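Coordinates from my_file_21.txt are shown below (compact mmCIF, N, CA and C atoms).
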```txt
# COMPACT_ATOMS: atom_id res chain seq x y z
N MET U 86 5.91 27.61 -0.53
CA MET U 86 6.58 26.83 0.48
C MET U 86 7.50 25.81 -0.21
N THR U 87 8.72 25.74 0.25
CA THR U 87 9.64 24.71 -0.22
C THR U 87 10.36 24.12 0.97
N GLY U 88 10.91 22.95 0.79
CA GLY U 88 11.69 22.38 1.88
C GLY U 88 11.21 21.02 2.29
N ASN U 89 11.24 20.79 3.60
CA ASN U 89 10.87 19.49 4.15
C ASN U 89 9.37 19.31 4.17
N TYR U 90 8.93 18.21 3.61
CA TYR U 90 7.52 17.86 3.63
C TYR U 90 7.36 16.56 4.39
N LYS U 91 6.38 16.53 5.28
CA LYS U 91 6.08 15.30 5.99
C LYS U 91 5.49 14.30 4.99
N VAL U 92 5.88 13.03 5.12
CA VAL U 92 5.34 11.97 4.27
C VAL U 92 4.32 11.19 5.10
N ILE U 93 3.10 11.10 4.56
CA ILE U 93 2.00 10.44 5.26
C ILE U 93 1.44 9.33 4.38
N THR U 94 1.35 8.12 4.94
CA THR U 94 0.71 7.01 4.24
C THR U 94 -0.70 6.84 4.77
N LEU U 95 -1.67 6.81 3.85
CA LEU U 95 -3.05 6.58 4.22
C LEU U 95 -3.31 5.09 4.39
N CYS U 96 -4.04 4.74 5.43
CA CYS U 96 -4.42 3.35 5.70
C CYS U 96 -5.92 3.33 6.00
N GLY U 97 -6.54 2.21 5.68
CA GLY U 97 -7.96 2.06 5.98
C GLY U 97 -8.62 1.13 4.99
N SER U 98 -9.88 0.86 5.24
CA SER U 98 -10.63 -0.01 4.34
C SER U 98 -10.85 0.68 3.01
N THR U 99 -10.63 -0.07 1.94
CA THR U 99 -10.82 0.50 0.61
C THR U 99 -12.29 0.69 0.27
N ARG U 100 -13.18 0.32 1.16
CA ARG U 100 -14.60 0.64 0.95
C ARG U 100 -14.85 2.14 1.10
N PHE U 101 -13.88 2.84 1.70
CA PHE U 101 -14.03 4.28 1.95
C PHE U 101 -13.27 5.10 0.90
N LYS U 102 -13.43 4.76 -0.37
CA LYS U 102 -12.69 5.40 -1.46
C LYS U 102 -12.84 6.91 -1.44
N GLU U 103 -14.05 7.40 -1.29
CA GLU U 103 -14.27 8.86 -1.31
C GLU U 103 -13.54 9.54 -0.16
N ALA U 104 -13.54 8.93 1.01
CA ALA U 104 -12.82 9.51 2.16
C ALA U 104 -11.32 9.50 1.90
N PHE U 105 -10.80 8.43 1.27
CA PHE U 105 -9.38 8.39 0.91
C PHE U 105 -9.04 9.57 0.00
N LEU U 106 -9.85 9.77 -1.03
CA LEU U 106 -9.57 10.84 -2.00
C LEU U 106 -9.67 12.22 -1.35
N GLN U 107 -10.66 12.39 -0.49
CA GLN U 107 -10.85 13.67 0.21
C GLN U 107 -9.67 13.97 1.13
N GLU U 108 -9.24 12.98 1.92
CA GLU U 108 -8.14 13.19 2.86
C GLU U 108 -6.81 13.34 2.12
N GLN U 109 -6.63 12.62 1.03
CA GLN U 109 -5.42 12.79 0.23
C GLN U 109 -5.31 14.22 -0.26
N LYS U 110 -6.39 14.77 -0.75
CA LYS U 110 -6.42 16.15 -1.23
C LYS U 110 -6.14 17.13 -0.09
N ARG U 111 -6.85 16.96 1.03
CA ARG U 111 -6.69 17.87 2.17
C ARG U 111 -5.26 17.85 2.70
N LEU U 112 -4.72 16.66 2.91
CA LEU U 112 -3.37 16.55 3.46
C LEU U 112 -2.32 17.08 2.48
N THR U 113 -2.54 16.88 1.19
CA THR U 113 -1.62 17.42 0.18
C THR U 113 -1.64 18.94 0.21
N LEU U 114 -2.82 19.52 0.26
CA LEU U 114 -2.93 20.98 0.29
C LEU U 114 -2.36 21.57 1.57
N GLU U 115 -2.26 20.77 2.62
CA GLU U 115 -1.63 21.21 3.86
C GLU U 115 -0.10 21.16 3.77
N GLY U 116 0.43 20.65 2.65
CA GLY U 116 1.87 20.62 2.45
C GLY U 116 2.54 19.30 2.78
N ASN U 117 1.81 18.21 2.67
CA ASN U 117 2.36 16.89 2.94
C ASN U 117 2.49 16.09 1.65
N ILE U 118 3.43 15.16 1.64
CA ILE U 118 3.51 14.17 0.58
C ILE U 118 2.65 13.01 1.04
N VAL U 119 1.64 12.64 0.25
CA VAL U 119 0.69 11.63 0.65
C VAL U 119 0.84 10.39 -0.22
N ILE U 120 0.99 9.25 0.44
CA ILE U 120 1.06 7.95 -0.22
C ILE U 120 -0.25 7.23 0.08
N SER U 121 -0.90 6.72 -0.95
CA SER U 121 -2.19 6.08 -0.75
C SER U 121 -2.17 4.66 -1.29
N VAL U 122 -3.33 4.05 -1.30
CA VAL U 122 -3.48 2.72 -1.87
C VAL U 122 -3.48 2.83 -3.39
N GLY U 123 -3.10 1.75 -4.06
CA GLY U 123 -3.08 1.75 -5.51
C GLY U 123 -4.37 1.27 -6.13
N LEU U 124 -5.11 0.44 -5.38
CA LEU U 124 -6.37 -0.12 -5.85
C LEU U 124 -7.38 -0.09 -4.71
N PHE U 125 -8.64 0.02 -5.07
CA PHE U 125 -9.72 0.02 -4.10
C PHE U 125 -10.56 -1.25 -4.27
N GLY U 126 -10.08 -2.34 -3.69
CA GLY U 126 -10.71 -3.64 -3.87
C GLY U 126 -12.15 -3.69 -3.41
N HIS U 127 -12.48 -2.99 -2.33
CA HIS U 127 -13.85 -3.00 -1.83
C HIS U 127 -14.71 -1.94 -2.50
N SER U 128 -14.14 -1.23 -3.46
CA SER U 128 -14.90 -0.21 -4.19
C SER U 128 -14.85 -0.45 -5.69
N GLY U 129 -14.64 -1.70 -6.09
CA GLY U 129 -14.79 -2.02 -7.49
C GLY U 129 -13.56 -2.48 -8.25
N ASP U 130 -12.37 -2.35 -7.68
CA ASP U 130 -11.17 -2.80 -8.37
C ASP U 130 -10.99 -4.30 -8.16
N GLY U 131 -11.63 -5.09 -9.00
CA GLY U 131 -11.67 -6.54 -8.86
C GLY U 131 -10.33 -7.22 -9.01
N GLU U 132 -9.35 -6.55 -9.62
CA GLU U 132 -8.02 -7.15 -9.79
C GLU U 132 -7.38 -7.52 -8.46
N VAL U 133 -7.79 -6.84 -7.40
CA VAL U 133 -7.23 -7.10 -6.06
C VAL U 133 -7.43 -8.56 -5.66
N TRP U 134 -8.52 -9.15 -6.11
CA TRP U 134 -8.91 -10.46 -5.63
C TRP U 134 -8.35 -11.60 -6.47
N THR U 135 -7.50 -11.31 -7.47
CA THR U 135 -6.86 -12.38 -8.23
C THR U 135 -5.77 -13.01 -7.38
N GLU U 136 -5.43 -14.25 -7.69
CA GLU U 136 -4.50 -15.03 -6.87
C GLU U 136 -3.17 -14.31 -6.64
N GLY U 137 -2.82 -14.15 -5.38
CA GLY U 137 -1.55 -13.55 -5.00
C GLY U 137 -1.53 -12.04 -4.94
N THR U 138 -2.51 -11.40 -5.55
CA THR U 138 -2.47 -9.94 -5.64
C THR U 138 -2.71 -9.28 -4.29
N LYS U 139 -3.69 -9.74 -3.52
CA LYS U 139 -3.99 -9.13 -2.22
C LYS U 139 -2.79 -9.22 -1.29
N ALA U 140 -2.12 -10.37 -1.25
CA ALA U 140 -0.93 -10.52 -0.40
C ALA U 140 0.17 -9.57 -0.84
N MET U 141 0.36 -9.43 -2.15
CA MET U 141 1.37 -8.51 -2.66
C MET U 141 1.03 -7.07 -2.27
N LEU U 142 -0.23 -6.68 -2.42
CA LEU U 142 -0.63 -5.32 -2.09
C LEU U 142 -0.49 -5.03 -0.60
N ASP U 143 -0.82 -6.02 0.24
CA ASP U 143 -0.66 -5.85 1.69
C ASP U 143 0.81 -5.64 2.05
N ASP U 144 1.69 -6.44 1.45
CA ASP U 144 3.12 -6.28 1.70
C ASP U 144 3.61 -4.93 1.16
N MET U 145 3.16 -4.58 -0.03
CA MET U 145 3.55 -3.30 -0.63
C MET U 145 3.13 -2.13 0.26
N HIS U 146 1.96 -2.25 0.88
CA HIS U 146 1.50 -1.15 1.74
C HIS U 146 2.39 -1.00 2.97
N LYS U 147 2.92 -2.11 3.46
CA LYS U 147 3.87 -2.01 4.59
C LYS U 147 5.14 -1.28 4.14
N ARG U 148 5.56 -1.49 2.92
CA ARG U 148 6.72 -0.75 2.39
C ARG U 148 6.39 0.74 2.28
N LYS U 149 5.16 1.07 1.94
CA LYS U 149 4.72 2.47 1.90
C LYS U 149 4.77 3.07 3.30
N ILE U 150 4.41 2.29 4.30
CA ILE U 150 4.52 2.75 5.68
C ILE U 150 5.98 2.98 6.04
N ASP U 151 6.88 2.11 5.58
CA ASP U 151 8.31 2.30 5.83
C ASP U 151 8.79 3.65 5.29
N MET U 152 8.23 4.09 4.18
CA MET U 152 8.66 5.33 3.54
C MET U 152 8.10 6.58 4.24
N ALA U 153 7.12 6.40 5.11
CA ALA U 153 6.38 7.51 5.69
C ALA U 153 6.94 7.96 7.04
N ASP U 154 6.61 9.19 7.39
CA ASP U 154 6.86 9.70 8.73
C ASP U 154 5.74 9.29 9.68
N GLU U 155 4.54 9.14 9.12
CA GLU U 155 3.38 8.77 9.93
C GLU U 155 2.34 8.13 9.03
N ILE U 156 1.34 7.51 9.68
CA ILE U 156 0.20 7.02 8.92
C ILE U 156 -1.04 7.79 9.37
N PHE U 157 -1.99 7.88 8.45
CA PHE U 157 -3.27 8.51 8.73
C PHE U 157 -4.34 7.47 8.41
N VAL U 158 -5.10 7.08 9.43
CA VAL U 158 -6.06 6.00 9.30
C VAL U 158 -7.43 6.56 8.93
N ILE U 159 -7.95 6.07 7.81
CA ILE U 159 -9.29 6.44 7.36
C ILE U 159 -10.25 5.45 8.03
N ASN U 160 -10.78 5.85 9.18
CA ASN U 160 -11.64 4.96 9.98
C ASN U 160 -13.05 5.52 10.06
N VAL U 161 -13.70 5.60 8.92
CA VAL U 161 -15.06 6.14 8.84
C VAL U 161 -15.98 5.34 9.76
N GLY U 162 -16.72 6.06 10.59
CA GLY U 162 -17.61 5.40 11.54
C GLY U 162 -16.89 4.58 12.58
N GLY U 163 -15.57 4.81 12.72
CA GLY U 163 -14.75 4.07 13.67
C GLY U 163 -14.30 2.71 13.17
N TYR U 164 -14.65 2.38 11.92
CA TYR U 164 -14.35 1.04 11.39
C TYR U 164 -12.85 0.86 11.11
N ILE U 165 -12.29 -0.20 11.69
CA ILE U 165 -10.91 -0.61 11.42
C ILE U 165 -10.94 -2.13 11.22
N GLY U 166 -10.67 -2.56 9.99
CA GLY U 166 -10.68 -3.99 9.67
C GLY U 166 -9.35 -4.66 10.00
N GLU U 167 -9.30 -5.92 9.70
CA GLU U 167 -8.12 -6.75 10.04
C GLU U 167 -6.85 -6.25 9.35
N SER U 168 -6.91 -5.96 8.06
CA SER U 168 -5.72 -5.48 7.33
C SER U 168 -5.25 -4.14 7.88
N THR U 169 -6.20 -3.25 8.15
CA THR U 169 -5.83 -1.93 8.68
C THR U 169 -5.24 -2.07 10.08
N ARG U 170 -5.80 -2.94 10.90
CA ARG U 170 -5.26 -3.17 12.25
C ARG U 170 -3.82 -3.65 12.15
N SER U 171 -3.55 -4.53 11.19
CA SER U 171 -2.19 -5.02 10.96
C SER U 171 -1.25 -3.87 10.57
N GLU U 172 -1.74 -2.97 9.75
CA GLU U 172 -0.92 -1.82 9.32
C GLU U 172 -0.65 -0.88 10.49
N ILE U 173 -1.65 -0.66 11.33
CA ILE U 173 -1.47 0.20 12.51
C ILE U 173 -0.43 -0.43 13.44
N ASP U 174 -0.56 -1.72 13.69
CA ASP U 174 0.39 -2.42 14.56
C ASP U 174 1.80 -2.33 13.99
N TYR U 175 1.93 -2.52 12.68
CA TYR U 175 3.23 -2.43 12.02
C TYR U 175 3.81 -1.03 12.17
N ALA U 176 3.00 -0.02 11.92
CA ALA U 176 3.46 1.37 12.04
C ALA U 176 3.94 1.66 13.46
N MET U 177 3.21 1.21 14.43
CA MET U 177 3.59 1.45 15.83
C MET U 177 4.89 0.73 16.18
N ARG U 178 5.02 -0.53 15.71
CA ARG U 178 6.26 -1.28 15.98
C ARG U 178 7.47 -0.62 15.35
N THR U 179 7.28 0.09 14.24
CA THR U 179 8.40 0.72 13.55
C THR U 179 8.55 2.20 13.89
N GLY U 180 7.85 2.64 14.93
CA GLY U 180 8.04 3.98 15.45
C GLY U 180 7.36 5.10 14.67
N LYS U 181 6.37 4.78 13.89
CA LYS U 181 5.65 5.80 13.12
C LYS U 181 4.52 6.38 13.97
N ALA U 182 4.28 7.67 13.79
CA ALA U 182 3.12 8.29 14.41
C ALA U 182 1.87 7.78 13.72
N VAL U 183 0.78 7.67 14.49
CA VAL U 183 -0.49 7.20 13.94
C VAL U 183 -1.56 8.24 14.28
N ARG U 184 -2.22 8.73 13.24
CA ARG U 184 -3.35 9.66 13.43
C ARG U 184 -4.58 9.03 12.79
N TYR U 185 -5.74 9.48 13.24
CA TYR U 185 -7.01 8.91 12.79
C TYR U 185 -7.93 9.99 12.25
N LEU U 186 -8.73 9.63 11.27
CA LEU U 186 -9.76 10.53 10.76
C LEU U 186 -10.77 10.82 11.84
N GLU U 187 -11.21 9.76 12.52
CA GLU U 187 -12.19 9.89 13.60
C GLU U 187 -11.60 9.37 14.90
N ASP U 188 -12.00 9.97 16.01
CA ASP U 188 -11.52 9.52 17.31
C ASP U 188 -11.89 8.06 17.52
N ASN U 189 -10.96 7.32 18.13
CA ASN U 189 -11.23 5.90 18.41
C ASN U 189 -12.04 5.73 19.66
```

Take the structure in the file and give it back as C-alpha cells.
Amino acid sequence: MTGNYKVITLCGSTRFKEAFLQEQKRLTLEGNIVISVGLFGHSGDGEVWTEGTKAMLDDMHKRKIDMADEIFVINVGGYIGESTRSEIDYAMRTGKAVRYLEDN
C-alpha cells in the first residue's frame, strides 16, 4: 500500500504505557501514521516533572494534534484525566475527529 495515510495522534494518561504501545502498533499496522507521547511521566519518566517540562510537553502535544487528522484517546477503564480532557476539547475545537479505545 502506498499513498495517503491518515495521521492519528494518541492522547491519554501516560499511566497506560502498555496500551499506548499496543494501540500505536495496531494503528500503524492498519496503515496509519501514528504520533504518540514522547515521555511517560506516570510510568517512570521522571524528567516530565522537572520545572517547565510538563507545560512544554502539554503544549507540544497540542502541536501534535494540529498535525493529525484525528486523535485516538487511550481511556483504559473509561479514565480521562484533566490533561487528556484538555486535548480532547482542543481537538474538537480545531475540527479533528475523536475516537476512543473504550466507549464513553

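Atom N of U:Gly116 is positioned 24.8 Å from atom N of U:Glu172.
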
From chain U, collect each residue whose DSSP state is strand (DSSP E) and return the set as a list in words. Val92, Ile93, Thr94, Leu95, Cys96, Gly97, Ile118, Val119, Ile120, Glu155, Ile156, Phe157, Val158, Ile159, Ala182, Val183, Arg184 and Tyr185 of chain U

Could you give me, as a PyMOL selection string, the residues within 10 Å of U:Ala182, counting only C-alpha atoms and dropping anything in the same chain fewer than 2 positions from it? chain U and resi 93+153-157+173+176-177+179-180+184

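With only N, CA and C atoms as the atoms that count, the minimum distance from U:Val122 to the choices U:Asn89, U:Ser171, U:Thr94, U:Asn160 is reached by U:Thr94.
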
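For the residues U:Lys181, U:Phe125, U:Thr138, U:Glu167, ranking by smallest atom-to-atom distance to U:Arg100 using only N, CA and C atoms places U:Phe125 first.
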
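In this structure, atom CA of U:Glu187 sits 10.8 Å away from atom CA of U:Ile165.
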
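Atom CA of U:Leu114 to atom CA of U:Asp151 spans 22.5 Å [interatomic distance, one decimal].
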
How big is the axis-aligned box around all listed atoms of stretch 101-117 of chain U once 6 Å goes on each side, and where's its centre, in Å to one decimal, as lines of an AutoDock Vina configuration file?
```
center_x = -5.9
center_y = 12.2
center_z = 0.9
size_x = 28.8
size_y = 30.7
size_z = 17.9
```

Could you name the residues that touch U:Phe101 at 12 Å or less, counting only C-alpha atoms, but leaving out those on the same chain fewer than 6 positions away, as a compact mmCIF listing (two decimals) with N, CA and C atoms, in the frame of the given file?
```
# COMPACT_ATOMS: atom_id res chain seq x y z
N LEU U 95 -1.67 6.81 3.85
CA LEU U 95 -3.05 6.58 4.22
C LEU U 95 -3.31 5.09 4.39
N GLN U 107 -10.66 12.39 -0.49
CA GLN U 107 -10.85 13.67 0.21
C GLN U 107 -9.67 13.97 1.13
N GLU U 108 -9.24 12.98 1.92
CA GLU U 108 -8.14 13.19 2.86
C GLU U 108 -6.81 13.34 2.12
N VAL U 122 -3.33 4.05 -1.30
CA VAL U 122 -3.48 2.72 -1.87
C VAL U 122 -3.48 2.83 -3.39
N LEU U 124 -5.11 0.44 -5.38
CA LEU U 124 -6.37 -0.12 -5.85
C LEU U 124 -7.38 -0.09 -4.71
N PHE U 125 -8.64 0.02 -5.07
CA PHE U 125 -9.72 0.02 -4.10
C PHE U 125 -10.56 -1.25 -4.27
N GLY U 126 -10.08 -2.34 -3.69
CA GLY U 126 -10.71 -3.64 -3.87
C GLY U 126 -12.15 -3.69 -3.41
N HIS U 127 -12.48 -2.99 -2.33
CA HIS U 127 -13.85 -3.00 -1.83
C HIS U 127 -14.71 -1.94 -2.50
N SER U 128 -14.14 -1.23 -3.46
CA SER U 128 -14.90 -0.21 -4.19
C SER U 128 -14.85 -0.45 -5.69
N GLY U 129 -14.64 -1.70 -6.09
CA GLY U 129 -14.79 -2.02 -7.49
C GLY U 129 -13.56 -2.48 -8.25
N VAL U 158 -5.10 7.08 9.43
CA VAL U 158 -6.06 6.00 9.30
C VAL U 158 -7.43 6.56 8.93
N ILE U 159 -7.95 6.07 7.81
CA ILE U 159 -9.29 6.44 7.36
C ILE U 159 -10.25 5.45 8.03
N ASN U 160 -10.78 5.85 9.18
CA ASN U 160 -11.64 4.96 9.98
C ASN U 160 -13.05 5.52 10.06
N VAL U 161 -13.70 5.60 8.92
CA VAL U 161 -15.06 6.14 8.84
C VAL U 161 -15.98 5.34 9.76
N GLY U 162 -16.72 6.06 10.59
CA GLY U 162 -17.61 5.40 11.54
C GLY U 162 -16.89 4.58 12.58
N GLY U 163 -15.57 4.81 12.72
CA GLY U 163 -14.75 4.07 13.67
C GLY U 163 -14.30 2.71 13.17
N TYR U 164 -14.65 2.38 11.92
CA TYR U 164 -14.35 1.04 11.39
C TYR U 164 -12.85 0.86 11.11
N ILE U 165 -12.29 -0.20 11.69
CA ILE U 165 -10.91 -0.61 11.42
C ILE U 165 -10.94 -2.13 11.22
N GLY U 166 -10.67 -2.56 9.99
CA GLY U 166 -10.68 -3.99 9.67
C GLY U 166 -9.35 -4.66 10.00
N LEU U 186 -8.73 9.63 11.27
CA LEU U 186 -9.76 10.53 10.76
C LEU U 186 -10.77 10.82 11.84
```

Take stretch 87-113 of chain U, bring it up to N, CA, C and O atoms, and give me the output as a compact mmCIF listing (two decimals), in the coordinates of the input.
```txt
# COMPACT_ATOMS: atom_id res chain seq x y z
N THR U 87 8.72 25.74 0.25
CA THR U 87 9.64 24.71 -0.22
C THR U 87 10.36 24.12 0.97
O THR U 87 10.42 24.73 2.03
N GLY U 88 10.91 22.95 0.79
CA GLY U 88 11.69 22.38 1.88
C GLY U 88 11.21 21.02 2.29
O GLY U 88 10.82 20.20 1.47
N ASN U 89 11.24 20.79 3.60
CA ASN U 89 10.87 19.49 4.15
C ASN U 89 9.37 19.31 4.17
O ASN U 89 8.64 20.16 4.68
N TYR U 90 8.93 18.21 3.61
CA TYR U 90 7.52 17.86 3.63
C TYR U 90 7.36 16.56 4.39
O TYR U 90 8.11 15.62 4.18
N LYS U 91 6.38 16.53 5.28
CA LYS U 91 6.08 15.30 5.99
C LYS U 91 5.49 14.30 4.99
O LYS U 91 4.71 14.67 4.12
N VAL U 92 5.88 13.03 5.12
CA VAL U 92 5.34 11.97 4.27
C VAL U 92 4.32 11.19 5.10
O VAL U 92 4.63 10.71 6.19
N ILE U 93 3.10 11.10 4.56
CA ILE U 93 2.00 10.44 5.26
C ILE U 93 1.44 9.33 4.38
O ILE U 93 1.12 9.56 3.22
N THR U 94 1.35 8.12 4.94
CA THR U 94 0.71 7.01 4.24
C THR U 94 -0.70 6.84 4.77
O THR U 94 -0.91 6.76 5.98
N LEU U 95 -1.67 6.81 3.85
CA LEU U 95 -3.05 6.58 4.22
C LEU U 95 -3.31 5.09 4.39
O LEU U 95 -2.86 4.28 3.58
N CYS U 96 -4.04 4.74 5.43
CA CYS U 96 -4.42 3.35 5.70
C CYS U 96 -5.92 3.33 6.00
O CYS U 96 -6.47 4.29 6.51
N GLY U 97 -6.54 2.21 5.68
CA GLY U 97 -7.96 2.06 5.98
C GLY U 97 -8.62 1.13 4.99
O GLY U 97 -8.00 0.68 4.02
N SER U 98 -9.88 0.86 5.24
CA SER U 98 -10.63 -0.01 4.34
C SER U 98 -10.85 0.68 3.01
O SER U 98 -11.25 1.85 2.95
N THR U 99 -10.63 -0.07 1.94
CA THR U 99 -10.82 0.50 0.61
C THR U 99 -12.29 0.69 0.27
O THR U 99 -12.60 1.23 -0.80
N ARG U 100 -13.18 0.32 1.16
CA ARG U 100 -14.60 0.64 0.95
C ARG U 100 -14.85 2.14 1.10
O ARG U 100 -15.88 2.63 0.70
N PHE U 101 -13.88 2.84 1.70
CA PHE U 101 -14.03 4.28 1.95
C PHE U 101 -13.27 5.10 0.90
O PHE U 101 -12.56 6.06 1.23
N LYS U 102 -13.43 4.76 -0.37
CA LYS U 102 -12.69 5.40 -1.46
C LYS U 102 -12.84 6.91 -1.44
O LYS U 102 -11.86 7.65 -1.57
N GLU U 103 -14.05 7.40 -1.29
CA GLU U 103 -14.27 8.86 -1.31
C GLU U 103 -13.54 9.54 -0.16
O GLU U 103 -12.97 10.62 -0.34
N ALA U 104 -13.54 8.93 1.01
CA ALA U 104 -12.82 9.51 2.16
C ALA U 104 -11.32 9.50 1.90
O ALA U 104 -10.62 10.46 2.25
N PHE U 105 -10.80 8.43 1.27
CA PHE U 105 -9.38 8.39 0.91
C PHE U 105 -9.04 9.57 0.00
O PHE U 105 -8.05 10.28 0.23
N LEU U 106 -9.85 9.77 -1.03
CA LEU U 106 -9.57 10.84 -2.00
C LEU U 106 -9.67 12.22 -1.35
O LEU U 106 -8.85 13.11 -1.59
N GLN U 107 -10.66 12.39 -0.49
CA GLN U 107 -10.85 13.67 0.21
C GLN U 107 -9.67 13.97 1.13
O GLN U 107 -9.14 15.09 1.14
N GLU U 108 -9.24 12.98 1.92
CA GLU U 108 -8.14 13.19 2.86
C GLU U 108 -6.81 13.34 2.12
O GLU U 108 -5.95 14.12 2.54
N GLN U 109 -6.63 12.62 1.03
CA GLN U 109 -5.42 12.79 0.23
C GLN U 109 -5.31 14.22 -0.26
O GLN U 109 -4.25 14.84 -0.17
N LYS U 110 -6.39 14.77 -0.75
CA LYS U 110 -6.42 16.15 -1.23
C LYS U 110 -6.14 17.13 -0.09
O LYS U 110 -5.29 18.02 -0.21
N ARG U 111 -6.85 16.96 1.03
CA ARG U 111 -6.69 17.87 2.17
C ARG U 111 -5.26 17.85 2.70
O ARG U 111 -4.64 18.91 2.89
N LEU U 112 -4.72 16.66 2.91
CA LEU U 112 -3.37 16.55 3.46
C LEU U 112 -2.32 17.08 2.48
O LEU U 112 -1.33 17.69 2.89
N THR U 113 -2.54 16.88 1.19
CA THR U 113 -1.62 17.42 0.18
C THR U 113 -1.64 18.94 0.21
O THR U 113 -0.58 19.59 0.20
```
